[in-house]
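Engineer: For reference, this is input_2.cif, and it has mmCIF, C-alpha atoms.
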```
data_data
loop_
_atom_site.group_PDB
_atom_site.id
_atom_site.type_symbol
_atom_site.label_atom_id
_atom_site.label_comp_id
_atom_site.auth_asym_id
_atom_site.auth_seq_id
_atom_site.Cartn_x
_atom_site.Cartn_y
_atom_site.Cartn_z
ATOM 1 C CA ASN N 1 1.809 3.107 3.941
ATOM 2 C CA ALA N 2 4.129 2.400 6.850
ATOM 3 C CA GLY N 3 7.792 1.857 6.136
ATOM 4 C CA VAL N 4 10.012 -0.843 7.579
ATOM 5 C CA MET N 5 9.377 -0.959 11.314
ATOM 6 C CA GLN N 6 12.047 -2.036 13.746
ATOM 7 C CA ASN N 7 11.812 -2.404 17.486
ATOM 8 C CA PRO N 8 13.079 -1.708 19.936
ATOM 9 C CA ARG N 9 14.898 1.443 18.810
ATOM 10 C CA HIS N 10 17.388 1.078 21.638
ATOM 11 C CA LEU N 11 18.327 -2.066 23.520
ATOM 12 C CA VAL N 12 20.748 -2.392 26.423
ATOM 13 C CA ARG N 13 21.967 -5.818 27.438
ATOM 14 C CA ARG N 14 24.576 -7.040 29.882
ATOM 15 C CA ARG N 15 27.271 -9.404 28.654
ATOM 16 C CA GLY N 16 25.909 -12.932 28.450
ATOM 17 C CA GLN N 17 22.270 -11.955 27.986
ATOM 18 C CA GLU N 18 20.199 -12.490 24.865
ATOM 19 C CA ALA N 19 19.124 -9.776 22.442
ATOM 20 C CA ARG N 20 16.065 -10.106 20.216
ATOM 21 C CA LEU N 21 15.572 -7.556 17.460
ATOM 22 C CA ARG N 22 12.355 -7.362 15.483
ATOM 23 C CA CYS N 23 11.615 -6.191 11.974
ATOM 24 C CA SER N 24 8.291 -5.804 10.197
ATOM 25 C CA PRO N 25 8.808 -5.285 6.462
ATOM 26 C CA MET N 26 6.860 -2.837 4.355
ATOM 27 C CA LYS N 27 3.393 -4.015 3.417
ATOM 28 C CA GLY N 28 3.566 -6.374 0.475
ATOM 29 C CA HIS N 29 7.284 -7.067 0.907
ATOM 30 C CA SER N 30 8.293 -10.675 1.403
ATOM 31 C CA HIS N 31 12.078 -10.275 1.385
ATOM 32 C CA VAL N 32 14.006 -9.153 4.462
ATOM 33 C CA TYR N 33 17.681 -8.302 4.875
ATOM 34 C CA TRP N 34 19.619 -7.633 8.070
ATOM 35 C CA TYR N 35 22.693 -5.381 8.105
ATOM 36 C CA ARG N 36 25.001 -4.327 10.935
ATOM 37 C CA GLN N 37 26.642 -0.921 11.257
ATOM 38 C CA LEU N 38 29.544 -0.327 13.575
ATOM 39 C CA PRO N 39 30.237 3.298 14.634
ATOM 40 C CA GLU N 40 31.650 5.442 11.820
ATOM 41 C CA GLU N 41 31.439 2.564 9.336
ATOM 42 C CA GLY N 42 29.242 1.476 6.468
ATOM 43 C CA LEU N 43 26.615 -1.218 6.759
ATOM 44 C CA LYS N 44 27.658 -4.871 6.459
ATOM 45 C CA PHE N 45 25.318 -7.559 5.113
ATOM 46 C CA MET N 46 24.375 -10.282 7.574
ATOM 47 C CA VAL N 47 21.471 -12.361 6.289
ATOM 48 C CA TYR N 48 18.729 -12.482 3.647
ATOM 49 C CA LEU N 49 15.409 -14.184 4.326
ATOM 50 C CA GLN N 50 12.137 -14.855 2.609
ATOM 51 C CA LYS N 51 9.080 -16.067 4.471
ATOM 52 C CA GLU N 52 10.063 -19.232 6.393
ATOM 53 C CA ASN N 53 13.382 -19.521 4.532
ATOM 54 C CA ILE N 54 16.928 -18.346 5.080
ATOM 55 C CA ILE N 55 18.281 -17.674 1.605
ATOM 56 C CA ASP N 56 21.754 -16.354 2.353
ATOM 57 C CA GLU N 57 23.414 -16.118 5.755
ATOM 58 C CA SER N 58 26.967 -15.676 4.524
ATOM 59 C CA GLY N 59 27.412 -12.490 6.573
ATOM 60 C CA MET N 60 26.244 -13.937 9.876
ATOM 61 C CA PRO N 61 28.758 -14.917 12.546
ATOM 62 C CA LYS N 62 28.743 -18.705 12.831
ATOM 63 C CA GLU N 63 27.997 -18.716 16.542
ATOM 64 C CA ARG N 64 25.461 -16.952 18.763
ATOM 65 C CA PHE N 65 23.587 -15.251 15.880
ATOM 66 C CA SER N 66 20.412 -16.553 14.284
ATOM 67 C CA ALA N 67 17.589 -15.117 12.213
ATOM 68 C CA GLU N 68 14.098 -16.152 11.258
ATOM 69 C CA PHE N 69 11.181 -14.821 9.249
ATOM 70 C CA PRO N 70 8.104 -16.872 10.139
ATOM 71 C CA LYS N 71 4.977 -17.200 8.074
ATOM 72 C CA GLU N 72 3.199 -14.863 10.477
ATOM 73 C CA GLY N 73 4.835 -12.037 12.383
ATOM 74 C CA PRO N 74 8.041 -10.059 12.139
ATOM 75 C CA SER N 75 11.527 -11.181 11.274
ATOM 76 C CA ILE N 76 13.670 -11.755 14.354
ATOM 77 C CA LEU N 77 17.437 -11.374 14.693
ATOM 78 C CA ARG N 78 18.578 -13.169 17.824
ATOM 79 C CA ILE N 79 21.950 -12.763 19.474
ATOM 80 C CA GLN N 80 22.731 -15.139 22.298
ATOM 81 C CA GLN N 81 25.299 -14.514 25.037
ATOM 82 C CA VAL N 82 26.043 -10.998 23.838
ATOM 83 C CA VAL N 83 29.545 -9.567 24.087
ATOM 84 C CA ARG N 84 30.729 -5.956 23.970
ATOM 85 C CA GLY N 85 31.739 -6.366 20.332
ATOM 86 C CA ASP N 86 28.082 -6.930 19.421
ATOM 87 C CA SER N 87 27.338 -3.287 20.252
ATOM 88 C CA ALA N 88 26.221 -1.759 16.963
ATOM 89 C CA ALA N 89 23.231 -0.508 15.042
ATOM 90 C CA TYR N 90 21.287 -3.300 13.362
ATOM 91 C CA PHE N 91 19.234 -2.365 10.330
ATOM 92 C CA CYS N 92 16.558 -4.307 8.574
ATOM 93 C CA ALA N 93 15.606 -3.717 4.952
ATOM 94 C CA SER N 94 12.839 -5.149 2.826
ATOM 95 C CA SER N 95 12.002 -5.467 -0.837
ATOM 96 C CA PRO N 96 8.973 -6.803 -2.686
ATOM 97 C CA GLN N 97 11.019 -9.267 -4.656
ATOM 98 C CA ALA N 98 14.597 -10.168 -5.344
ATOM 99 C CA GLY N 99 16.314 -8.800 -8.395
ATOM 100 C CA ASP N 100 15.795 -5.925 -10.747
ATOM 101 C CA ASN N 101 13.753 -2.849 -9.825
ATOM 102 C CA SER N 102 13.616 -3.804 -6.171
ATOM 103 C CA PRO N 103 15.583 -1.223 -4.181
ATOM 104 C CA LEU N 104 16.034 -1.894 -0.506
ATOM 105 C CA HIS N 105 14.068 0.188 1.987
ATOM 106 C CA PHE N 106 15.671 0.385 5.411
ATOM 107 C CA GLY N 107 14.137 0.785 8.836
ATOM 108 C CA ASN N 108 15.513 3.191 11.441
ATOM 109 C CA GLY N 109 17.463 0.438 13.157
ATOM 110 C CA THR N 110 17.946 -0.988 16.624
ATOM 111 C CA ARG N 111 20.906 0.352 18.523
ATOM 112 C CA LEU N 112 22.269 -2.416 20.734
ATOM 113 C CA THR N 113 24.534 -1.515 23.613
ATOM 114 C CA VAL N 114 26.228 -4.295 25.551
ATOM 115 C CA THR N 115 27.456 -3.279 28.980
ATOM 116 C CA GLY Z 1 34.381 -10.556 -3.014
ATOM 117 C CA GLU Z 2 33.326 -7.025 -3.731
ATOM 118 C CA ASN Z 3 35.126 -4.120 -2.082
ATOM 119 C CA VAL Z 4 33.856 -0.530 -2.232
ATOM 120 C CA GLU Z 5 36.075 2.437 -1.400
ATOM 121 C CA GLN Z 6 34.518 5.870 -0.802
ATOM 122 C CA HIS Z 7 36.157 9.312 -0.681
ATOM 123 C CA PRO Z 8 36.304 11.731 0.956
ATOM 124 C CA SER Z 9 35.354 10.662 4.465
ATOM 125 C CA THR Z 10 34.322 14.209 5.337
ATOM 126 C CA LEU Z 11 33.314 17.069 3.070
ATOM 127 C CA SER Z 12 32.395 20.619 3.968
ATOM 128 C CA VAL Z 13 30.943 22.996 1.366
ATOM 129 C CA GLN Z 14 29.313 26.411 1.361
ATOM 130 C CA GLU Z 15 25.578 26.515 0.871
ATOM 131 C CA GLY Z 16 24.817 26.823 -2.819
ATOM 132 C CA ASP Z 17 28.050 25.176 -3.938
ATOM 133 C CA SER Z 18 28.304 21.666 -5.385
ATOM 134 C CA ALA Z 19 29.428 18.527 -3.588
ATOM 135 C CA VAL Z 20 30.996 15.469 -5.214
ATOM 136 C CA ILE Z 21 31.527 12.091 -3.565
ATOM 137 C CA LYS Z 22 33.420 9.316 -5.330
ATOM 138 C CA CYS Z 23 33.398 5.530 -5.016
ATOM 139 C CA THR Z 24 35.379 2.741 -6.621
ATOM 140 C CA TYR Z 25 34.436 -0.927 -6.703
ATOM 141 C CA SER Z 26 36.444 -4.056 -7.364
ATOM 142 C CA ASP Z 27 34.038 -6.652 -8.794
ATOM 143 C CA SER Z 28 33.405 -6.067 -12.485
ATOM 144 C CA ALA Z 29 30.257 -8.233 -12.194
ATOM 145 C CA SER Z 30 28.550 -5.616 -9.995
ATOM 146 C CA ASN Z 31 25.805 -3.897 -11.938
ATOM 147 C CA TYR Z 32 23.688 -1.979 -9.444
ATOM 148 C CA PHE Z 33 24.925 1.120 -7.609
ATOM 149 C CA PRO Z 34 22.640 2.898 -5.130
ATOM 150 C CA TRP Z 35 23.383 5.936 -2.999
ATOM 151 C CA TYR Z 36 21.933 6.304 0.490
ATOM 152 C CA LYS Z 37 21.590 9.319 2.783
ATOM 153 C CA GLN Z 38 21.659 8.679 6.518
ATOM 154 C CA GLU Z 39 20.617 11.314 9.000
ATOM 155 C CA LEU Z 40 21.459 11.096 12.675
ATOM 156 C CA GLY Z 41 19.556 8.345 14.434
ATOM 157 C CA LYS Z 42 17.842 7.138 11.275
ATOM 158 C CA GLY Z 43 18.227 4.380 8.753
ATOM 159 C CA PRO Z 44 19.740 4.865 5.294
ATOM 160 C CA GLN Z 45 17.372 6.387 2.778
ATOM 161 C CA LEU Z 46 17.771 5.646 -0.916
ATOM 162 C CA ILE Z 47 18.278 8.892 -2.842
ATOM 163 C CA ILE Z 48 19.299 7.677 -6.282
ATOM 164 C CA ASP Z 49 20.532 4.534 -7.969
ATOM 165 C CA ILE Z 50 22.072 3.592 -11.288
ATOM 166 C CA ARG Z 51 22.373 0.385 -13.222
ATOM 167 C CA SER Z 52 25.362 -0.558 -15.319
ATOM 168 C CA ASN Z 53 23.598 -0.100 -18.637
ATOM 169 C CA VAL Z 54 23.398 3.639 -17.931
ATOM 170 C CA GLY Z 55 26.240 6.146 -17.693
ATOM 171 C CA GLU Z 56 24.456 8.983 -15.920
ATOM 172 C CA LYS Z 57 21.204 9.619 -14.098
ATOM 173 C CA LYS Z 58 19.772 12.861 -12.731
ATOM 174 C CA ASP Z 59 17.013 13.647 -10.282
ATOM 175 C CA GLN Z 60 16.618 17.381 -9.678
ATOM 176 C CA ARG Z 61 19.751 18.508 -7.788
ATOM 177 C CA ILE Z 62 21.234 15.022 -7.552
ATOM 178 C CA ALA Z 63 23.108 13.163 -10.272
ATOM 179 C CA VAL Z 64 25.128 9.979 -10.382
ATOM 180 C CA THR Z 65 27.713 9.034 -13.008
ATOM 181 C CA LEU Z 66 29.129 5.579 -13.657
ATOM 182 C CA ASN Z 67 32.339 4.616 -15.425
ATOM 183 C CA LYS Z 68 32.270 0.843 -15.820
ATOM 184 C CA THR Z 69 35.685 0.645 -17.450
ATOM 185 C CA ALA Z 70 37.369 2.396 -14.542
ATOM 186 C CA LYS Z 71 34.970 0.841 -12.015
ATOM 187 C CA HIS Z 72 34.032 4.064 -10.318
ATOM 188 C CA PHE Z 73 30.871 6.046 -9.759
ATOM 189 C CA SER Z 74 30.187 9.463 -8.300
ATOM 190 C CA LEU Z 75 27.407 11.398 -6.604
ATOM 191 C CA HIS Z 76 26.959 15.049 -7.511
ATOM 192 C CA ILE Z 77 24.778 17.401 -5.481
ATOM 193 C CA THR Z 78 24.289 20.873 -6.914
ATOM 194 C CA GLU Z 79 22.968 24.021 -5.216
ATOM 195 C CA THR Z 80 23.517 22.459 -1.808
ATOM 196 C CA GLN Z 81 21.197 23.325 1.071
ATOM 197 C CA PRO Z 82 21.584 22.918 4.845
ATOM 198 C CA GLU Z 83 19.206 19.941 4.798
ATOM 199 C CA ASP Z 84 21.670 18.098 2.574
ATOM 200 C CA SER Z 85 23.941 17.738 5.619
ATOM 201 C CA ALA Z 86 24.098 14.005 6.425
ATOM 202 C CA VAL Z 87 26.243 10.926 5.942
ATOM 203 C CA TYR Z 88 26.150 9.562 2.399
ATOM 204 C CA PHE Z 89 26.918 5.952 1.501
ATOM 205 C CA CYS Z 90 27.560 4.415 -1.867
ATOM 206 C CA ALA Z 91 26.982 0.704 -2.417
ATOM 207 C CA ALA Z 92 27.371 -1.946 -5.090
ATOM 208 C CA SER Z 93 25.737 -5.280 -5.795
ATOM 209 C CA LYS Z 94 24.702 -7.670 -8.503
ATOM 210 C CA ILE Z 95 21.042 -7.340 -9.431
ATOM 211 C CA GLN Z 96 20.445 -11.055 -9.896
ATOM 212 C CA GLY Z 97 19.230 -12.830 -6.816
ATOM 213 C CA ALA Z 98 19.728 -11.350 -3.386
ATOM 214 C CA GLN Z 99 20.659 -7.708 -3.113
ATOM 215 C CA LYS Z 100 23.714 -8.120 -0.941
ATOM 216 C CA LEU Z 101 24.780 -4.533 -0.959
ATOM 217 C CA VAL Z 102 28.435 -3.829 -0.221
ATOM 218 C CA PHE Z 103 28.671 -0.342 1.261
ATOM 219 C CA GLY Z 104 31.418 2.228 1.198
ATOM 220 C CA GLN Z 105 32.666 3.715 4.436
ATOM 221 C CA GLY Z 106 30.515 6.830 4.180
ATOM 222 C CA THR Z 107 31.045 10.564 3.653
ATOM 223 C CA ARG Z 108 29.955 13.053 6.274
ATOM 224 C CA LEU Z 109 28.735 16.073 4.303
ATOM 225 C CA THR Z 110 28.358 19.406 6.077
ATOM 226 C CA ILE Z 111 26.731 22.366 4.356
ATOM 227 C CA ASN Z 112 27.844 25.682 5.837
ATOM 228 C CA PRO Z 113 25.242 28.456 5.688
#
```
What is this structure when it is put down as structure tokens?
Structural biologist:
Amino acid sequence: NAGVMQNPRHLVRRRGQEARLRCSPMKGHSHVYWYRQLPEEGLKFMVYLQKENIIDESGMPKERFSAEFPKEGPSILRIQQVVRGDSAAYFCASSPQAGDNSPLHFGNGTRLTVT
Amino acid sequence: GENVEQHPSTLSVQEGDSAVIKCTYSDSASNYFPWYKQELGKGPQLIIDIRSNVGEKKDQRIAVTLNKTAKHFSLHITETQPEDSAVYFCAASKIQGAQKLVFGQGTRLTINP
């Protein structure tokens, strides 16, 4: 039973390019969360999605960042026109359902470096 | 919104001794408190969690205590082993609806052989 799969593990982008991060939740999980971790800090919530729906994007920057979780395929976190401050580790987590008895299971993250 | 403070930021203990990490939270409506272990280059791994209707929970060498009145919770690791070395994060959220975990800043635990 594979865990949460994220790819790529490492991504290097020049300033102004686009970054696309992918997340495949655990089998049977229909809820996906994206978190960002800056060096030496805890994780910060970005967005919560169910299939084809964004439920809560209160942690997402208003510009350049977007997320989707289509009916088929992985969830995608997209960062347009990256800047150096976007350099961080981005983690995806999934759960089978929202609410009680649904702990979050995290992937191993994508480490984005903006040069 | 919720704010979680975690102490200490680094902790070094001798193998076999106990380690204690403490967290405080600000939102009295929070009712779910997980602890995660993060090893280098990996994602956080859930090691134990506690809900607000429980004061203490144990799982082998790991225990978590919760004081709702004081709004703090602690992780206790007994008989520490070298493989316990990692960064530990506490978090808090409300169970209802989305699990928007608010994380502490992390504690880097080093077990000295």
Engineer: So how far away is CA of Tyr33 in chain N from CA of Leu49 in chain N, in Å?
Structural biologist: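 Distance reported for this atom pair: 6.3 Å.
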Engineer: Using the chain letters and numbering of this document, enumerate as a PyMOL selection string the residues selected by the PyMOL selection byres ((chain Z) within 12 of (chain N)).
Structural biologist: chain Z and resi 1-6+9-10+31-52+87-108
Engineer: Check what the PyMOL selection byres ((chain N and resi 86) around 8) selects in the file above and give those residues as a list in words.
Structural biologist: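 So the PyMOL selection byres ((chain N and resi 86) around 8) ends up selecting Val82, Val83, Arg84, Gly85, Ser87, Ala88, Leu112, Thr113 and Val114 of chain N.
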Engineer: Apply the PyMOL selection byres ((chain N and resi 67-77) around 6) to the file shown and report the selected residues as a compact mmCIF listing (two decimals) with C-alpha atoms, keeping the file's coordinate frame.
Structural biologist:
```txt
# COMPACT_ATOMS: atom_id res chain seq x y z
CA ARG N 20 16.07 -10.11 20.22
CA LEU N 21 15.57 -7.56 17.46
CA ARG N 22 12.36 -7.36 15.48
CA CYS N 23 11.62 -6.19 11.97
CA SER N 24 8.29 -5.80 10.20
CA LYS N 51 9.08 -16.07 4.47
CA GLU N 52 10.06 -19.23 6.39
CA SER N 66 20.41 -16.55 14.28
CA ARG N 78 18.58 -13.17 17.82
```
Engineer: One decimal, in Å: what's the spacing between CA of Leu11 in chain Z and CA of Asn112 in chain Z?
Structural biologist: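 Computed distance, CA of Leu11 in chain Z to CA of Asn112 in chain Z, equals 10.6 Å.
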Engineer: Using CA of Ile62 in chain Z and CA of Thr110 in chain Z as the two end points, give the distance in Å to one decimal.
Structural biologist: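 Computed distance, CA of Ile62 in chain Z to CA of Thr110 in chain Z, equals 16.0 Å.
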Engineer: Do you know which residues are at most 10 Å from Glu63 in chain N counting only C-alpha atoms, after dropping those on the same chain fewer than 4 positions away, and could you put them as a list of chain:residue names?
Structural biologist: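 These residues fall inside the cut-off: N:Ile79, N:Gln80, N:Gln81.
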Engineer: I want to know what sits within 7 Å of Glu79 in chain Z, based on all atoms listed in the file, with residues of the same chain fewer than 2 positions away left out; could you give that as number ranges by chain?
Structural biologist: Z: 16-18, 61, 77, 81
Engineer: Given the block above, output range 55-66 of chain Z with all heavy atoms as a PDB file, in the first residue's frame.
Structural biologist:
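In the end it all went to part-v7.pdb:
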```pdb
ATOM      1  N   GLY Z  55      -6.751  12.917  28.609  1.00  0.00           N
ATOM      2  CA  GLY Z  55      -5.681  13.662  29.244  1.00  0.00           C
ATOM      3  C   GLY Z  55      -4.295  13.112  28.969  1.00  0.00           C
ATOM      4  O   GLY Z  55      -3.307  13.843  29.023  1.00  0.00           O
ATOM      5  N   GLU Z  56      -4.231  11.797  28.658  1.00  0.00           N
ATOM      6  CA  GLU Z  56      -2.936  11.177  28.432  1.00  0.00           C
ATOM      7  C   GLU Z  56      -3.112   9.980  27.504  1.00  0.00           C
ATOM      8  O   GLU Z  56      -4.142   9.306  27.519  1.00  0.00           O
ATOM      9  CB  GLU Z  56      -2.325  10.721  29.759  1.00  0.00           C
ATOM     10  CG  GLU Z  56      -0.931  10.106  29.610  1.00  0.00           C
ATOM     11  CD  GLU Z  56      -0.278   9.755  30.945  1.00  0.00           C
ATOM     12  OE1 GLU Z  56      -0.881  10.045  31.996  1.00  0.00           O
ATOM     13  OE2 GLU Z  56       0.827   9.202  30.931  1.00  0.00           O
ATOM     14  N   LYS Z  57      -2.092   9.740  26.703  1.00  0.00           N
ATOM     15  CA  LYS Z  57      -2.113   8.585  25.803  1.00  0.00           C
ATOM     16  C   LYS Z  57      -0.705   8.051  25.692  1.00  0.00           C
ATOM     17  O   LYS Z  57       0.256   8.827  25.612  1.00  0.00           O
ATOM     18  CB  LYS Z  57      -2.637   9.017  24.427  1.00  0.00           C
ATOM     19  CG  LYS Z  57      -2.801   7.897  23.416  1.00  0.00           C
ATOM     20  CD  LYS Z  57      -3.421   8.459  22.142  1.00  0.00           C
ATOM     21  CE  LYS Z  57      -3.554   7.400  21.067  1.00  0.00           C
ATOM     22  NZ  LYS Z  57      -4.144   7.969  19.821  1.00  0.00           N
ATOM     23  N   LYS Z  58      -0.568   6.719  25.725  1.00  0.00           N
ATOM     24  CA  LYS Z  58       0.749   6.092  25.654  1.00  0.00           C
ATOM     25  C   LYS Z  58       0.799   5.084  24.508  1.00  0.00           C
ATOM     26  O   LYS Z  58      -0.193   4.410  24.200  1.00  0.00           O
ATOM     27  CB  LYS Z  58       1.054   5.347  26.957  1.00  0.00           C
ATOM     28  CG  LYS Z  58       1.448   6.239  28.111  1.00  0.00           C
ATOM     29  CD  LYS Z  58       1.906   5.417  29.316  1.00  0.00           C
ATOM     30  CE  LYS Z  58       3.301   4.872  29.109  1.00  0.00           C
ATOM     31  NZ  LYS Z  58       3.846   4.236  30.345  1.00  0.00           N
ATOM     32  N   ASP Z  59       1.966   4.987  23.913  1.00  0.00           N
ATOM     33  CA  ASP Z  59       2.209   3.985  22.887  1.00  0.00           C
ATOM     34  C   ASP Z  59       3.655   3.551  23.034  1.00  0.00           C
ATOM     35  O   ASP Z  59       4.568   4.204  22.547  1.00  0.00           O
ATOM     36  CB  ASP Z  59       1.954   4.553  21.482  1.00  0.00           C
ATOM     37  CG  ASP Z  59       2.133   3.512  20.395  1.00  0.00           C
ATOM     38  OD1 ASP Z  59       2.410   2.342  20.721  1.00  0.00           O
ATOM     39  OD2 ASP Z  59       1.995   3.852  19.201  1.00  0.00           O
ATOM     40  N   GLN Z  60       3.858   2.477  23.757  1.00  0.00           N
ATOM     41  CA  GLN Z  60       5.193   1.927  24.039  1.00  0.00           C
ATOM     42  C   GLN Z  60       6.045   2.996  24.723  1.00  0.00           C
ATOM     43  O   GLN Z  60       5.735   3.389  25.844  1.00  0.00           O
ATOM     44  CB  GLN Z  60       5.815   1.407  22.745  1.00  0.00           C
ATOM     45  CG  GLN Z  60       4.995   0.275  22.124  1.00  0.00           C
ATOM     46  CD  GLN Z  60       5.616  -0.326  20.888  1.00  0.00           C
ATOM     47  OE1 GLN Z  60       6.499   0.246  20.247  1.00  0.00           O
ATOM     48  NE2 GLN Z  60       5.164  -1.524  20.526  1.00  0.00           N
ATOM     49  N   ARG Z  61       7.115   3.470  24.083  1.00  0.00           N
ATOM     50  CA  ARG Z  61       8.010   4.417  24.759  1.00  0.00           C
ATOM     51  C   ARG Z  61       7.574   5.869  24.617  1.00  0.00           C
ATOM     52  O   ARG Z  61       8.231   6.777  25.119  1.00  0.00           O
ATOM     53  CB  ARG Z  61       9.432   4.271  24.195  1.00  0.00           C
ATOM     54  CG  ARG Z  61      10.067   2.923  24.412  1.00  0.00           C
ATOM     55  CD  ARG Z  61      11.527   2.906  23.957  1.00  0.00           C
ATOM     56  NE  ARG Z  61      11.649   3.124  22.511  1.00  0.00           N
ATOM     57  CZ  ARG Z  61      12.107   4.240  21.960  1.00  0.00           C
ATOM     58  NH1 ARG Z  61      12.491   5.260  22.712  1.00  0.00           N
ATOM     59  NH2 ARG Z  61      12.197   4.338  20.641  1.00  0.00           N
ATOM     60  N   ILE Z  62       6.475   6.091  23.932  1.00  0.00           N
ATOM     61  CA  ILE Z  62       6.020   7.455  23.656  1.00  0.00           C
ATOM     62  C   ILE Z  62       4.721   7.718  24.402  1.00  0.00           C
ATOM     63  O   ILE Z  62       3.830   6.865  24.426  1.00  0.00           O
ATOM     64  CB  ILE Z  62       5.810   7.649  22.139  1.00  0.00           C
ATOM     65  CG1 ILE Z  62       7.140   7.558  21.407  1.00  0.00           C
ATOM     66  CG2 ILE Z  62       5.140   8.986  21.854  1.00  0.00           C
ATOM     67  CD1 ILE Z  62       7.007   7.584  19.906  1.00  0.00           C
ATOM     68  N   ALA Z  63       4.629   8.893  24.994  1.00  0.00           N
ATOM     69  CA  ALA Z  63       3.391   9.301  25.667  1.00  0.00           C
ATOM     70  C   ALA Z  63       3.149  10.771  25.394  1.00  0.00           C
ATOM     71  O   ALA Z  63       4.083  11.550  25.179  1.00  0.00           O
ATOM     72  CB  ALA Z  63       3.477   9.050  27.167  1.00  0.00           C
ATOM     73  N   VAL Z  64       1.896  11.147  25.379  1.00  0.00           N
ATOM     74  CA  VAL Z  64       1.529  12.551  25.225  1.00  0.00           C
ATOM     75  C   VAL Z  64       0.538  12.899  26.330  1.00  0.00           C
ATOM     76  O   VAL Z  64      -0.335  12.092  26.668  1.00  0.00           O
ATOM     77  CB  VAL Z  64       0.944  12.846  23.825  1.00  0.00           C
ATOM     78  CG1 VAL Z  64      -0.249  11.971  23.531  1.00  0.00           C
ATOM     79  CG2 VAL Z  64       0.601  14.307  23.675  1.00  0.00           C
ATOM     80  N   THR Z  65       0.719  14.062  26.940  1.00  0.00           N
ATOM     81  CA  THR Z  65      -0.202  14.552  27.957  1.00  0.00           C
ATOM     82  C   THR Z  65      -0.804  15.861  27.484  1.00  0.00           C
ATOM     83  O   THR Z  65      -0.167  16.634  26.781  1.00  0.00           O
ATOM     84  CB  THR Z  65       0.513  14.766  29.297  1.00  0.00           C
ATOM     85  OG1 THR Z  65       1.580  15.712  29.099  1.00  0.00           O
ATOM     86  CG2 THR Z  65       1.093  13.466  29.822  1.00  0.00           C
ATOM     87  N   LEU Z  66      -2.036  16.106  27.884  1.00  0.00           N
ATOM     88  CA  LEU Z  66      -2.759  17.308  27.477  1.00  0.00           C
ATOM     89  C   LEU Z  66      -3.388  17.961  28.695  1.00  0.00           C
ATOM     90  O   LEU Z  66      -4.058  17.298  29.487  1.00  0.00           O
ATOM     91  CB  LEU Z  66      -3.846  16.947  26.467  1.00  0.00           C
ATOM     92  CG  LEU Z  66      -4.840  18.052  26.085  1.00  0.00           C
ATOM     93  CD1 LEU Z  66      -4.126  19.187  25.355  1.00  0.00           C
ATOM     94  CD2 LEU Z  66      -5.961  17.481  25.234  1.00  0.00           C
TER      95      LEU Z  66
END
```
